[in-house]
>>> print(open('target.cif').read())   # mmCIF, C-alpha atoms
data_run
#
loop_
_atom_site.label_atom_id
_atom_site.label_comp_id
_atom_site.auth_asym_id
_atom_site.auth_seq_id
_atom_site.Cartn_x
_atom_site.Cartn_y
_atom_site.Cartn_z
CA MET A 1 -153.08 82.33 -110.41
CA LYS A 2 -154.35 78.88 -109.66
CA ILE A 3 -150.85 77.55 -109.85
CA ILE A 4 -149.63 80.01 -107.22
CA ARG A 5 -152.38 78.95 -104.85
CA TYR A 6 -151.49 75.25 -105.28
CA LEU A 7 -147.82 76.06 -104.67
CA SER A 8 -148.54 77.98 -101.48
CA VAL A 9 -150.65 75.15 -100.13
CA LEU A 10 -147.87 72.68 -100.96
CA THR A 11 -145.30 74.87 -99.23
CA LEU A 12 -147.51 75.14 -96.16
CA ILE A 13 -147.89 71.35 -96.03
CA LEU A 14 -144.11 70.96 -96.33
CA VAL A 15 -143.49 73.41 -93.51
CA LEU A 16 -146.02 71.56 -91.35
CA PHE A 17 -144.25 68.27 -92.06
CA MET A 18 -140.93 69.81 -91.06
CA THR A 19 -142.24 70.57 -87.59
CA LEU A 20 -142.89 66.86 -87.19
CA MET A 21 -139.21 65.99 -87.79
CA PRO A 22 -137.07 65.11 -84.75
CA VAL A 23 -134.39 67.54 -83.68
CA ALA A 24 -131.17 66.85 -85.54
CA SER A 25 -128.01 68.65 -86.29
CA ALA A 26 -126.75 68.91 -89.79
CA HIS A 27 -123.17 69.74 -88.70
CA ARG A 28 -120.70 66.99 -87.87
CA VAL A 29 -118.40 68.07 -85.07
CA TYR A 30 -114.82 67.15 -84.47
CA ILE A 31 -112.53 66.99 -81.52
CA LYS A 32 -108.84 67.44 -82.09
CA GLU A 33 -106.56 66.97 -79.14
CA GLN A 34 -103.55 69.15 -78.81
CA ILE A 35 -100.52 69.02 -76.56
CA LYS A 36 -100.03 72.58 -75.46
CA GLU A 37 -96.36 72.55 -74.67
CA VAL A 38 -93.33 70.35 -75.17
CA GLN A 39 -90.55 70.62 -72.66
CA ILE A 40 -87.03 69.52 -73.49
CA TRP A 41 -84.06 69.31 -71.18
CA THR A 42 -80.53 69.32 -72.51
CA TYR A 43 -77.43 68.44 -70.53
CA TYR A 44 -73.80 67.53 -71.02
CA GLY A 45 -72.50 64.09 -70.14
CA GLY A 46 -72.08 64.25 -66.36
CA GLY A 47 -75.39 66.07 -65.90
CA THR A 48 -74.48 69.75 -66.29
CA PRO A 49 -77.33 71.57 -68.07
CA MET A 50 -76.53 73.15 -71.43
CA VAL A 51 -77.16 76.83 -70.70
CA ASP A 52 -77.83 79.27 -73.57
CA ALA A 53 -77.51 76.52 -76.18
CA ASP A 54 -79.01 77.13 -79.62
CA VAL A 55 -82.15 75.10 -80.23
CA GLU A 56 -83.67 74.42 -83.64
CA ILE A 57 -87.02 72.68 -83.93
CA TYR A 58 -87.96 71.13 -87.26
CA SER A 59 -91.52 69.95 -87.82
CA ILE A 60 -91.86 66.72 -89.78
CA LYS A 61 -94.97 66.31 -91.88
CA ASP A 62 -95.27 63.66 -94.60
CA GLY A 63 -91.54 63.04 -94.29
CA GLN A 64 -90.77 66.67 -95.05
CA GLU A 65 -88.69 68.53 -92.49
CA GLU A 66 -89.23 72.22 -92.17
CA LEU A 67 -87.65 74.69 -89.74
CA TYR A 68 -90.43 75.49 -87.30
CA LEU A 69 -88.72 77.67 -84.71
CA GLU A 70 -85.39 78.58 -83.18
CA GLY A 71 -84.48 79.60 -79.68
CA MET A 72 -82.15 79.21 -76.75
CA THR A 73 -82.19 77.07 -73.64
CA ASP A 74 -82.62 78.79 -70.28
CA GLN A 75 -80.41 78.72 -67.18
CA ASP A 76 -81.52 75.17 -66.39
CA GLY A 77 -80.97 73.82 -69.90
CA MET A 78 -84.74 73.80 -70.50
CA PHE A 79 -86.55 74.77 -73.66
CA TYR A 80 -90.30 74.93 -74.18
CA PHE A 81 -92.24 75.07 -77.42
CA GLU A 82 -95.84 74.92 -78.50
CA PRO A 83 -96.38 72.24 -81.13
CA LYS A 84 -98.05 73.00 -84.45
CA LEU A 85 -101.65 71.85 -84.69
CA GLY A 86 -101.76 68.50 -86.47
CA VAL A 87 -98.02 67.91 -86.48
CA SER A 88 -96.79 65.34 -84.02
CA GLN A 89 -93.23 64.68 -85.17
CA TYR A 90 -90.38 67.05 -84.54
CA ARG A 91 -86.63 66.98 -84.80
CA THR A 92 -84.82 69.00 -82.16
CA ILE A 93 -81.21 70.02 -82.64
CA VAL A 94 -79.32 71.54 -79.72
CA SER A 95 -75.83 72.96 -80.12
CA ALA A 96 -73.34 74.99 -78.08
CA THR A 97 -69.64 75.66 -78.78
CA GLY A 98 -69.12 72.67 -81.04
CA HIS A 99 -71.29 70.30 -79.02
CA SER A 100 -74.38 69.22 -80.86
CA THR A 101 -77.01 66.56 -80.60
CA ASP A 102 -80.33 65.87 -82.24
CA LYS A 103 -83.37 63.90 -81.21
CA LYS A 104 -86.58 62.99 -82.96
CA ILE A 105 -89.66 63.56 -80.85
CA ASP A 106 -92.96 61.85 -81.63
CA LEU A 107 -95.79 63.35 -79.60
CA ALA A 108 -98.20 60.69 -80.82
CA GLY A 109 -96.00 57.97 -79.40
CA GLY A 110 -95.71 59.57 -75.99
CA ILE A 111 -92.41 60.14 -74.27
CA GLN A 112 -89.76 57.81 -75.64
CA GLN A 113 -87.75 55.64 -73.36
CA GLU A 114 -84.03 56.18 -73.40
CA GLU A 115 -82.32 53.75 -75.72
CA ALA A 116 -80.79 50.93 -73.76
CA GLU A 117 -77.02 51.06 -73.77
CA LEU A 118 -74.19 49.40 -71.93
CA PRO A 119 -73.40 50.88 -68.52
CA LEU A 120 -70.50 53.32 -68.49
CA PHE A 121 -68.00 51.08 -66.71
CA MET A 122 -68.72 48.31 -69.22
CA ARG A 123 -68.00 50.70 -72.09
CA MET A 124 -64.74 51.62 -70.39
CA PHE A 125 -63.79 47.96 -70.23
CA VAL A 126 -64.70 47.58 -73.90
CA GLY A 127 -62.34 50.46 -74.71
CA PHE A 128 -59.52 48.93 -72.69
CA GLY A 129 -60.19 45.63 -74.44
CA TYR A 130 -59.71 47.23 -77.84
CA LEU A 131 -56.50 48.87 -76.65
CA ALA A 132 -55.17 45.59 -75.28
CA GLY A 133 -56.00 43.98 -78.63
CA LEU A 134 -54.20 46.70 -80.56
CA ALA A 135 -51.20 46.41 -78.24
CA GLY A 136 -51.20 42.67 -78.84
CA ILE A 137 -51.16 43.13 -82.61
CA GLY A 138 -48.36 45.69 -82.25
CA MET A 139 -46.37 43.30 -80.06
CA LEU A 140 -46.85 40.53 -82.61
CA PHE A 141 -45.30 42.63 -85.36
CA ALA A 142 -42.49 43.75 -83.07
CA ALA A 143 -41.80 40.13 -82.07
CA ARG A 144 -41.64 39.09 -85.74
CA LYS A 145 -39.19 41.86 -86.45
CA ILE A 146 -36.97 40.82 -83.55
CA LYS A 147 -37.11 37.18 -84.67
CA ARG A 148 -36.15 38.14 -88.22
CA GLU A 149 -33.21 40.17 -86.95
CA HIS A 150 -32.08 37.21 -84.85
CA SER A 151 -32.28 34.73 -87.71
CA ASN A 152 -30.34 37.14 -89.92
CA ASN A 153 -27.59 37.27 -87.36
CA MET B 1 -63.41 70.29 -76.83
CA HIS B 2 -64.83 67.49 -78.96
CA ILE B 3 -66.76 68.79 -81.95
CA SER B 4 -69.90 66.76 -82.64
CA ASP B 5 -71.33 65.46 -85.89
CA GLY B 6 -73.40 67.90 -87.90
CA VAL B 7 -71.69 71.07 -86.71
CA LEU B 8 -68.99 71.53 -89.33
CA SER B 9 -69.19 71.80 -93.10
CA PRO B 10 -68.03 68.82 -95.22
CA MET B 11 -65.07 70.90 -96.39
CA VAL B 12 -63.70 71.38 -92.85
CA ILE B 13 -64.29 67.69 -92.08
CA ALA B 14 -62.36 66.69 -95.20
CA VAL B 15 -59.48 69.05 -94.35
CA GLY B 16 -59.40 67.60 -90.81
CA PHE B 17 -59.11 64.04 -92.10
CA GLY B 18 -56.49 65.14 -94.64
CA ILE B 19 -54.25 66.77 -92.02
CA THR B 20 -54.71 63.82 -89.67
CA LEU B 21 -53.77 61.29 -92.34
CA VAL B 22 -50.61 63.20 -93.25
CA LEU B 23 -49.61 63.59 -89.60
CA LEU B 24 -50.29 59.92 -88.85
CA VAL B 25 -48.00 58.87 -91.68
CA ILE B 26 -45.29 61.35 -90.70
CA THR B 27 -45.32 60.53 -86.96
CA LEU B 28 -45.39 56.76 -87.48
CA TRP B 29 -42.74 56.86 -90.20
CA TRP B 30 -40.49 59.11 -88.14
CA ASN B 31 -40.82 56.82 -85.16
CA ARG B 32 -39.80 53.77 -87.24
CA ASN B 33 -36.29 55.19 -87.38
CA ASP B 34 -36.06 55.19 -83.59
CA GLY B 35 -36.18 51.40 -83.47
CA ASN B 36 -37.32 49.69 -80.22
CA VAL B 37 -41.02 49.83 -81.11
CA ALA B 38 -41.78 46.86 -78.86
CA GLU B 39 -40.59 48.82 -75.84
CA GLN B 40 -42.94 51.66 -76.68
CA ILE B 41 -46.11 49.59 -77.07
CA PRO B 42 -46.98 49.12 -73.36
CA LYS B 43 -46.38 52.82 -72.67
CA LEU B 44 -48.44 53.74 -75.71
CA SER B 45 -51.36 51.53 -74.62
CA VAL B 46 -51.39 52.78 -71.03
CA MET B 47 -51.30 56.42 -72.12
CA THR B 48 -54.02 55.90 -74.74
CA GLY B 49 -56.14 54.20 -72.06
CA ALA B 50 -55.62 57.17 -69.74
CA PHE B 51 -56.55 59.62 -72.50
CA PHE B 52 -59.62 57.53 -73.36
CA VAL B 53 -61.11 57.62 -69.83
CA ALA B 54 -59.86 61.11 -68.89
CA SER B 55 -62.69 62.68 -70.86
CA LEU B 56 -65.16 61.13 -68.40
CA ILE B 57 -63.89 63.33 -65.59
CA HIS B 58 -66.22 66.31 -65.89
CA ILE B 59 -65.97 69.61 -64.12
CA PRO B 60 -69.09 71.79 -64.35
CA VAL B 61 -68.07 75.36 -65.23
CA PRO B 62 -71.27 77.30 -65.86
CA PRO B 63 -72.55 77.85 -68.50
CA THR B 64 -70.81 74.75 -69.82
CA SER B 65 -69.12 71.57 -68.67
CA VAL B 66 -65.48 70.77 -69.28
CA HIS B 67 -63.53 67.57 -68.92
CA LEU B 68 -59.91 66.49 -68.67
CA ILE B 69 -58.13 66.07 -72.01
CA LEU B 70 -54.52 65.12 -71.11
CA ASN B 71 -53.17 65.96 -74.58
CA GLY B 72 -50.20 67.80 -73.04
CA LEU B 73 -49.29 64.76 -70.95
CA MET B 74 -49.62 62.56 -74.05
CA GLY B 75 -47.21 64.82 -75.95
CA VAL B 76 -44.66 64.98 -73.14
CA VAL B 77 -44.64 61.23 -72.45
CA LEU B 78 -45.18 59.79 -75.93
CA GLY B 79 -43.45 62.35 -78.13
CA LEU B 80 -44.45 62.06 -81.78
CA LEU B 81 -46.49 58.93 -81.07
CA ALA B 82 -48.94 61.15 -79.16
CA TYR B 83 -50.71 61.89 -82.44
CA PRO B 84 -51.60 58.29 -83.38
CA ALA B 85 -52.44 57.61 -79.71
CA ILE B 86 -54.86 60.57 -79.55
CA PHE B 87 -56.37 59.47 -82.87
CA ILE B 88 -57.09 55.98 -81.50
CA GLY B 89 -58.34 57.41 -78.20
CA LEU B 90 -60.75 59.69 -80.04
CA ILE B 91 -62.11 56.82 -82.14
CA LEU B 92 -62.87 54.87 -78.96
CA GLN B 93 -64.41 57.93 -77.28
CA ALA B 94 -66.63 58.60 -80.28
CA LEU B 95 -67.78 54.99 -80.56
CA LEU B 96 -68.19 54.13 -76.89
CA PHE B 97 -68.94 57.42 -75.11
CA GLN B 98 -70.44 59.39 -78.01
CA HIS B 99 -67.93 62.15 -77.22
CA GLY B 100 -67.42 64.04 -80.43
CA GLY B 101 -68.58 62.41 -83.63
CA ILE B 102 -67.46 59.84 -86.16
CA THR B 103 -67.16 62.38 -88.97
CA THR B 104 -65.19 64.77 -86.77
CA ILE B 105 -62.50 62.32 -85.62
CA GLY B 106 -60.10 63.92 -88.13
CA ILE B 107 -60.62 67.51 -87.07
CA ASN B 108 -60.75 66.58 -83.38
CA SER B 109 -57.39 64.80 -83.75
CA VAL B 110 -56.02 68.02 -85.24
CA ILE B 111 -57.47 70.12 -82.39
CA MET B 112 -55.99 67.93 -79.65
CA GLY B 113 -53.06 66.24 -81.43
CA ILE B 114 -51.15 69.19 -82.88
CA PRO B 115 -51.01 70.95 -79.47
CA ALA B 116 -49.70 67.65 -78.06
CA LEU B 117 -46.88 67.64 -80.62
CA ILE B 118 -46.11 71.30 -79.91
CA SER B 119 -46.02 70.73 -76.15
CA TYR B 120 -43.61 67.83 -76.76
CA GLY B 121 -41.37 70.29 -78.62
CA ILE B 122 -41.62 72.83 -75.80
CA PHE B 123 -40.81 70.16 -73.22
CA LYS B 124 -37.80 68.90 -75.13
CA VAL B 125 -36.35 72.36 -75.71
CA GLY B 126 -37.09 73.49 -72.14
CA TYR B 127 -35.54 70.34 -70.70
CA ARG B 128 -32.37 70.82 -72.73
CA LYS B 129 -32.14 74.40 -71.51
CA GLY B 130 -32.03 73.06 -67.96
CA ILE B 131 -35.48 74.14 -66.75
CA PRO B 132 -36.56 71.77 -63.92
CA PRO B 133 -38.60 68.92 -65.48
CA ALA B 134 -41.61 69.44 -63.21
CA ILE B 135 -41.92 73.10 -64.20
CA ILE B 136 -41.42 72.63 -67.93
CA GLY B 137 -43.80 69.64 -67.76
CA ALA B 138 -46.46 71.77 -66.11
CA ILE B 139 -46.01 74.55 -68.67
CA SER B 140 -46.29 72.03 -71.56
CA GLY B 141 -49.39 70.42 -70.01
CA GLY B 142 -51.23 73.70 -69.51
CA PHE B 143 -50.16 75.22 -72.80
CA ALA B 144 -51.44 72.20 -74.77
CA ILE B 145 -54.98 72.89 -73.52
CA PHE B 146 -54.73 76.58 -74.35
CA LEU B 147 -53.53 75.74 -77.87
CA ALA B 148 -56.34 73.21 -78.27
CA VAL B 149 -58.85 75.95 -77.37
CA ILE B 150 -57.36 78.20 -80.05
CA PHE B 151 -57.57 75.36 -82.61
CA LEU B 152 -61.18 74.67 -81.59
CA ALA B 153 -62.14 78.32 -81.94
CA THR B 154 -60.47 78.40 -85.36
CA ALA B 155 -62.45 75.35 -86.51
CA LEU B 156 -65.67 76.89 -85.23
CA ILE B 157 -65.18 80.16 -87.13
CA THR B 158 -66.18 78.22 -90.23
CA THR B 159 -69.62 77.63 -88.70
CA GLY B 160 -70.14 81.39 -88.46
CA GLU B 161 -69.08 81.82 -84.84
CA GLU B 162 -67.07 84.89 -83.98
CA PHE B 163 -63.45 83.96 -83.19
CA ILE B 164 -62.74 86.28 -80.25
CA GLY B 165 -66.10 85.57 -78.63
CA ILE B 166 -65.86 81.80 -78.82
CA ALA B 167 -62.14 81.71 -77.96
CA LYS B 168 -62.81 83.82 -74.85
CA LEU B 169 -65.77 81.70 -73.76
CA VAL B 170 -63.97 78.39 -74.23
CA THR B 171 -60.67 79.64 -72.72
CA ILE B 172 -62.37 80.98 -69.59
CA SER B 173 -64.29 77.75 -69.07
CA HIS B 174 -61.06 75.76 -69.56
CA ILE B 175 -58.99 77.69 -67.00
CA PRO B 176 -59.62 75.00 -64.33
CA ILE B 177 -58.60 72.31 -66.83
CA ILE B 178 -55.42 74.22 -67.74
CA ILE B 179 -54.45 74.40 -64.05
CA ILE B 180 -55.37 70.76 -63.30
CA GLU B 181 -53.53 69.40 -66.33
CA ALA B 182 -50.48 71.56 -65.61
CA VAL B 183 -50.36 70.01 -62.13
CA ILE B 184 -50.95 66.47 -63.46
CA THR B 185 -48.34 66.76 -66.22
CA GLY B 186 -45.83 68.42 -63.90
CA SER B 187 -46.16 65.74 -61.23
CA VAL B 188 -46.12 62.83 -63.68
CA VAL B 189 -42.96 64.21 -65.29
CA ALA B 190 -41.31 64.82 -61.91
CA PHE B 191 -42.19 61.27 -60.86
CA LEU B 192 -40.96 59.69 -64.11
CA VAL B 193 -37.69 61.62 -64.12
CA LYS B 194 -36.97 60.25 -60.66
CA VAL B 195 -38.22 56.68 -61.15
CA LYS B 196 -37.95 55.78 -64.82
CA PRO B 197 -36.52 58.58 -66.96
CA GLU B 198 -36.25 56.32 -70.02
CA LEU B 199 -40.05 56.50 -70.32
CA LEU B 200 -39.76 60.16 -71.27
CA PRO B 201 -38.75 61.11 -74.82
CA ILE B 202 -35.61 62.84 -73.62
CA ASP B 203 -31.98 61.95 -73.82
CA VAL B 204 -31.43 59.62 -70.92
CA GLU B 205 -27.74 60.57 -70.80
CA VAL B 206 -28.63 64.11 -69.78
CA THR B 207 -30.71 62.77 -66.89
CA LYS B 208 -27.91 60.45 -65.85
CA ASP B 209 -25.46 63.32 -65.85
CA GLU B 210 -27.76 65.21 -63.57
CA ASP B 211 -28.02 62.22 -61.27
CA ASN B 212 -24.24 61.99 -61.02
#
>>> encode(input="target.cif", output="structure tokens")
Amino acid sequence: MKIIRYLSVLTLILVLFMTLMPVASAHRVYIKEQIKEVQIWTYYGGGTPMVDADVEIYSIKDGQEELYLEGMTDQDGMFYFEPKLGVSQYRTIVSATGHSTDKKIDLAGGIQQEEAELPLFMRMFVGFGYLAGLAGIGMLFAARKIKREHSNN
Amino acid sequence: MHISDGVLSPMVIAVGFGITLVLLVITLWWNRNDGNVAEQIPKLSVMTGAFFVASLIHIPVPPTSVHLILNGLMGVVLGLLAYPAIFIGLILQALLFQHGGITTIGINSVIMGIPALISYGIFKVGYRKGIPPAIIGAISGGFAIFLAVIFLATALITTGEEFIGIAKLVTISHIPIIIIEAVITGSVVAFLVKVKPELLPIDVEVTKDEDN
């Protein structure tokens, strides 16, 4: 019985000590930010929106791609989706009647800038340049043939 | 009209390249017998250049966007050489404009090139039968687009699309292109017959007879 009395006194002292402790929280709290909605716009070269195009969104986590959701673009070529919590990389594939394109989206990296490319008229000139080159090679062979025929005669 | 990368199965892509390779060999080999290759090169380059930039002329037809193709004109002016010319044009379009894809150059050549060869045949036969060049040119130009749509729809069946549905959708959106290309091909042919008939793959003698 004596032991019980000692124990209760000890407990009482402990409880009294606890009241002296400053206020503290035992739970660590977290904040996780989340982008609520991703908006994508799809359009054909020339600027016409891709209406009713099939959209597939793949989530990329640890290098693994997994089909997250499928849908269709609206009348303005827009498609909206809510990202998965904790997944910031997505691959979007948009296709309509044989046209298809894909783009990797990284929400952590913000909105990506368009990749720099040559202006359209420069690319046209490049194409004409290749054609002129090909024509030149063709002409060269034709000229050789004509020369051979002449020397044979 | 250009199918992009990642739409078709590897099997269809392989078949497309196979057909294209065979047709390239046949058309080039056949043309060797005609001689005067040097005379054809400038015409070939100009037409390939026109085909290459024609796809930049877009016409918005909701819910899609269509562009000029000019495969009928290629067939009528270049004859069998239209196939290699379209093949080269498509390579440049895929590399420089990202129209279509690298893996689909073969099947896209089939979709646009075979109708070009067929419209050349129609033009030749129609011309021999005495149909006015402008009219038979316009028919060939428009029909080449329609045929290309049918080829496209056929290629897309393999991806699980329904043939009638897709053919209808693509044909309706291409009606403006069919009309525009019929007019372009008709007027180019009418112009060439008057100014320089030897540029057309037809017997020049027939034209001369008509002139006399």
>>> closest_residue(input="target.cif", among="B:Ile202, B:Gln98, B:Phe146, B:Ala82", to="Gly126 of chain B", atoms="all atoms listed in the file")
B:Ile202
>>> resolve_selection(input="target.cif", expression="the PyMOL selection byres ((chain A and resi 74-85) around 12)", output="MDAnalysis selection string")
(chainID A and resid 32:44 47:61 66:73 86:96 105:108) or (chainID B and resid 62:64)
>>> write_last_selection(input="target.cif", atoms="C-alpha atoms", output="PDB file, in the frame of the given file")
ATOM      1  CA  LYS A  32    -108.840  67.440 -82.090  1.00  0.00           C
ATOM      2  CA  GLU A  33    -106.560  66.970 -79.140  1.00  0.00           C
ATOM      3  CA  GLN A  34    -103.550  69.150 -78.810  1.00  0.00           C
ATOM      4  CA  ILE A  35    -100.520  69.020 -76.560  1.00  0.00           C
ATOM      5  CA  LYS A  36    -100.030  72.580 -75.460  1.00  0.00           C
ATOM      6  CA  GLU A  37     -96.360  72.550 -74.670  1.00  0.00           C
ATOM      7  CA  VAL A  38     -93.330  70.350 -75.170  1.00  0.00           C
ATOM      8  CA  GLN A  39     -90.550  70.620 -72.660  1.00  0.00           C
ATOM      9  CA  ILE A  40     -87.030  69.520 -73.490  1.00  0.00           C
ATOM     10  CA  TRP A  41     -84.060  69.310 -71.180  1.00  0.00           C
ATOM     11  CA  THR A  42     -80.530  69.320 -72.510  1.00  0.00           C
ATOM     12  CA  TYR A  43     -77.430  68.440 -70.530  1.00  0.00           C
ATOM     13  CA  TYR A  44     -73.800  67.530 -71.020  1.00  0.00           C
ATOM     14  CA  GLY A  47     -75.390  66.070 -65.900  1.00  0.00           C
ATOM     15  CA  THR A  48     -74.480  69.750 -66.290  1.00  0.00           C
ATOM     16  CA  PRO A  49     -77.330  71.570 -68.070  1.00  0.00           C
ATOM     17  CA  MET A  50     -76.530  73.150 -71.430  1.00  0.00           C
ATOM     18  CA  VAL A  51     -77.160  76.830 -70.700  1.00  0.00           C
ATOM     19  CA  ASP A  52     -77.830  79.270 -73.570  1.00  0.00           C
ATOM     20  CA  ALA A  53     -77.510  76.520 -76.180  1.00  0.00           C
ATOM     21  CA  ASP A  54     -79.010  77.130 -79.620  1.00  0.00           C
ATOM     22  CA  VAL A  55     -82.150  75.100 -80.230  1.00  0.00           C
ATOM     23  CA  GLU A  56     -83.670  74.420 -83.640  1.00  0.00           C
ATOM     24  CA  ILE A  57     -87.020  72.680 -83.930  1.00  0.00           C
ATOM     25  CA  TYR A  58     -87.960  71.130 -87.260  1.00  0.00           C
ATOM     26  CA  SER A  59     -91.520  69.950 -87.820  1.00  0.00           C
ATOM     27  CA  ILE A  60     -91.860  66.720 -89.780  1.00  0.00           C
ATOM     28  CA  LYS A  61     -94.970  66.310 -91.880  1.00  0.00           C
ATOM     29  CA  GLU A  66     -89.230  72.220 -92.170  1.00  0.00           C
ATOM     30  CA  LEU A  67     -87.650  74.690 -89.740  1.00  0.00           C
ATOM     31  CA  TYR A  68     -90.430  75.490 -87.300  1.00  0.00           C
ATOM     32  CA  LEU A  69     -88.720  77.670 -84.710  1.00  0.00           C
ATOM     33  CA  GLU A  70     -85.390  78.580 -83.180  1.00  0.00           C
ATOM     34  CA  GLY A  71     -84.480  79.600 -79.680  1.00  0.00           C
ATOM     35  CA  MET A  72     -82.150  79.210 -76.750  1.00  0.00           C
ATOM     36  CA  THR A  73     -82.190  77.070 -73.640  1.00  0.00           C
ATOM     37  CA  GLY A  86    -101.760  68.500 -86.470  1.00  0.00           C
ATOM     38  CA  VAL A  87     -98.020  67.910 -86.480  1.00  0.00           C
ATOM     39  CA  SER A  88     -96.790  65.340 -84.020  1.00  0.00           C
ATOM     40  CA  GLN A  89     -93.230  64.680 -85.170  1.00  0.00           C
ATOM     41  CA  TYR A  90     -90.380  67.050 -84.540  1.00  0.00           C
ATOM     42  CA  ARG A  91     -86.630  66.980 -84.800  1.00  0.00           C
ATOM     43  CA  THR A  92     -84.820  69.000 -82.160  1.00  0.00           C
ATOM     44  CA  ILE A  93     -81.210  70.020 -82.640  1.00  0.00           C
ATOM     45  CA  VAL A  94     -79.320  71.540 -79.720  1.00  0.00           C
ATOM     46  CA  SER A  95     -75.830  72.960 -80.120  1.00  0.00           C
ATOM     47  CA  ALA A  96     -73.340  74.990 -78.080  1.00  0.00           C
ATOM     48  CA  ILE A 105     -89.660  63.560 -80.850  1.00  0.00           C
ATOM     49  CA  ASP A 106     -92.960  61.850 -81.630  1.00  0.00           C
ATOM     50  CA  LEU A 107     -95.790  63.350 -79.600  1.00  0.00           C
ATOM     51  CA  ALA A 108     -98.200  60.690 -80.820  1.00  0.00           C
TER      52      ALA A 108
ATOM     53  CA  PRO B  62     -71.270  77.300 -65.860  1.00  0.00           C
ATOM     54  CA  PRO B  63     -72.550  77.850 -68.500  1.00  0.00           C
ATOM     55  CA  THR B  64     -70.810  74.750 -69.820  1.00  0.00           C
TER      56      THR B  64
END
>>> interface_residues(input="target.cif", of="chain A", to="chain B", cutoff="6 Å", atoms="all atoms listed in the file", output="PyMOL selection string")
chain A and resi 51+98-100+123+139+142
>>> write_last_selection(input="target.cif", atoms="C-alpha atoms", output="short mmCIF file (atom, residue, chain, number, x, y, z; two decimals), in the coordinates of the input")
data_model
loop_
_atom_site.label_atom_id
_atom_site.label_comp_id
_atom_site.auth_asym_id
_atom_site.auth_seq_id
_atom_site.Cartn_x
_atom_site.Cartn_y
_atom_site.Cartn_z
CA VAL A 51 -77.16 76.83 -70.70
CA GLY A 98 -69.12 72.67 -81.04
CA HIS A 99 -71.29 70.30 -79.02
CA SER A 100 -74.38 69.22 -80.86
CA ARG A 123 -68.00 50.70 -72.09
CA MET A 139 -46.37 43.30 -80.06
CA ALA A 142 -42.49 43.75 -83.07
#
>>> atom_distance(input="target.cif", atom1="atom CA of Leu78 of chain B", atom2="atom CA of Tyr120 of chain B")
8.2 Å
>>> atom_distance(input="target.cif", atom1="atom CA of Leu199 of chain B", atom2="atom CA of Val77 of chain B")
6.9 Å
>>> resolve_selection(input="target.cif", expression="the PyMOL selection byres ((chain B and resi 109) around 12)", output="JSON, numbers by chain")
{"B": [1, 2, 3, 13, 15, 16, 17, 18, 19, 20, 21, 22, 23, 24, 69, 71, 82, 83, 84, 85, 86, 87, 88, 89, 90, 91, 93, 94, 100, 101, 102, 103, 104, 105, 106, 107, 108, 110, 111, 112, 113, 114, 115, 116, 117, 148, 151, 152]}
